[in-house]
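One structure is given below, encoded as structure tokens.
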Amino acid sequence: MRTEITEAAIAGGTAGAVLQVRLADWFEIQIITSHTSQCSPRPSSPHPSRWDLPASAPVDFTGPFDAVQVGLVPPLTAPGGWPPPLAAGPRQNPYDTTATVWFGQVPADQLRELVGLHGGENLHQHPRAEDWTDLHA
């Protein structure tokens with residue numbers, strides 16, 4: 001079962017970028033670690049301001065992370081025991097059922113378990129015609 005992308009995000013972070021991962025059953029998750037995300041430990045901001053979230057690691061911290069912020073792309077839902085979803089931002093439509101649902105401080109082991117329940121990571125992160133043909137054969 002492939003889990004290299006997820007493990008790399010846990011071990012080395014995402015440098016503030018949203019990492020999109022397609023699972024073997026074609027569900028998608030998103031992972032982020034940065035000074036503005038709900039990860040643990042949280043790196044300090046490179047440009048401190050009074051609105052910064054409390055940091056527990058230096059600016060150049062690259063992992064490993066005990067917990068990361070995870071977005072589940074519908075129709076994927078969180079399994080039991082996950083932290084509650086984060087509140088939607090002011091620019092998001094709260095009635096948009098297709099919007100990614102974000103969860104903060106998801107323990108690395110729970111993320112690994114979710115990826116495992118869905119068969120690991122898809123070998124092809126961008127679907128090709130033959131992937132869809134094999135899926136429906």
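Ligands are numbered from 1 in the order shown, chains are lettered A, B, ... in the order of the structure tokens, and residues start at 1 in each chain.
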Exercise: segment 95-107 of chain A partners within 12 Å, only C-alpha atoms, chain neighbours under 2 positions left out, as an NGL selection string: :A and (10 or 18 or 20 or 27-34 or 36-42 or 64-79 or 81-89 or 91-93 or 109-114)
Enumerate the residues of chain A with a DSSP assignment of strand (DSSP E), computed from the backbone, and present them as a VMD selection string. chain A and resid 19 to 22 28 to 32 67 to 72 101 to 107
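The space between atom CA of Phe61 of chain A and atom CA of Gly16 of chain A spans 11.6 Å.
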Distance in Å - atom CA of Ser44 of chain A versus atom CA of Val115 of chain A: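 Separation of atom CA of Ser44 of chain A and atom CA of Val115 of chain A: 28.5 Å.
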All helix (DSSP H, G or I) positions in chain A, as a list of chain:residue names: A:Glu4, A:Ile5, A:Thr6, A:Glu7, A:Ala8, A:Ala9, A:Ile10, A:Ala11, A:Gly12, A:Ala108, A:Asp109, A:Gln110, A:Leu111, A:Arg112, A:Glu113, A:Leu114, A:Val115, A:Gly116, A:Leu117, A:Ala129, A:Glu130, A:Asp131, A:Trp132, A:Thr133, A:Asp134, A:Leu135
Distance in Å - atom CA of Pro43 of chain A versus atom CA of Ala8 of chain A: 17.0 Å
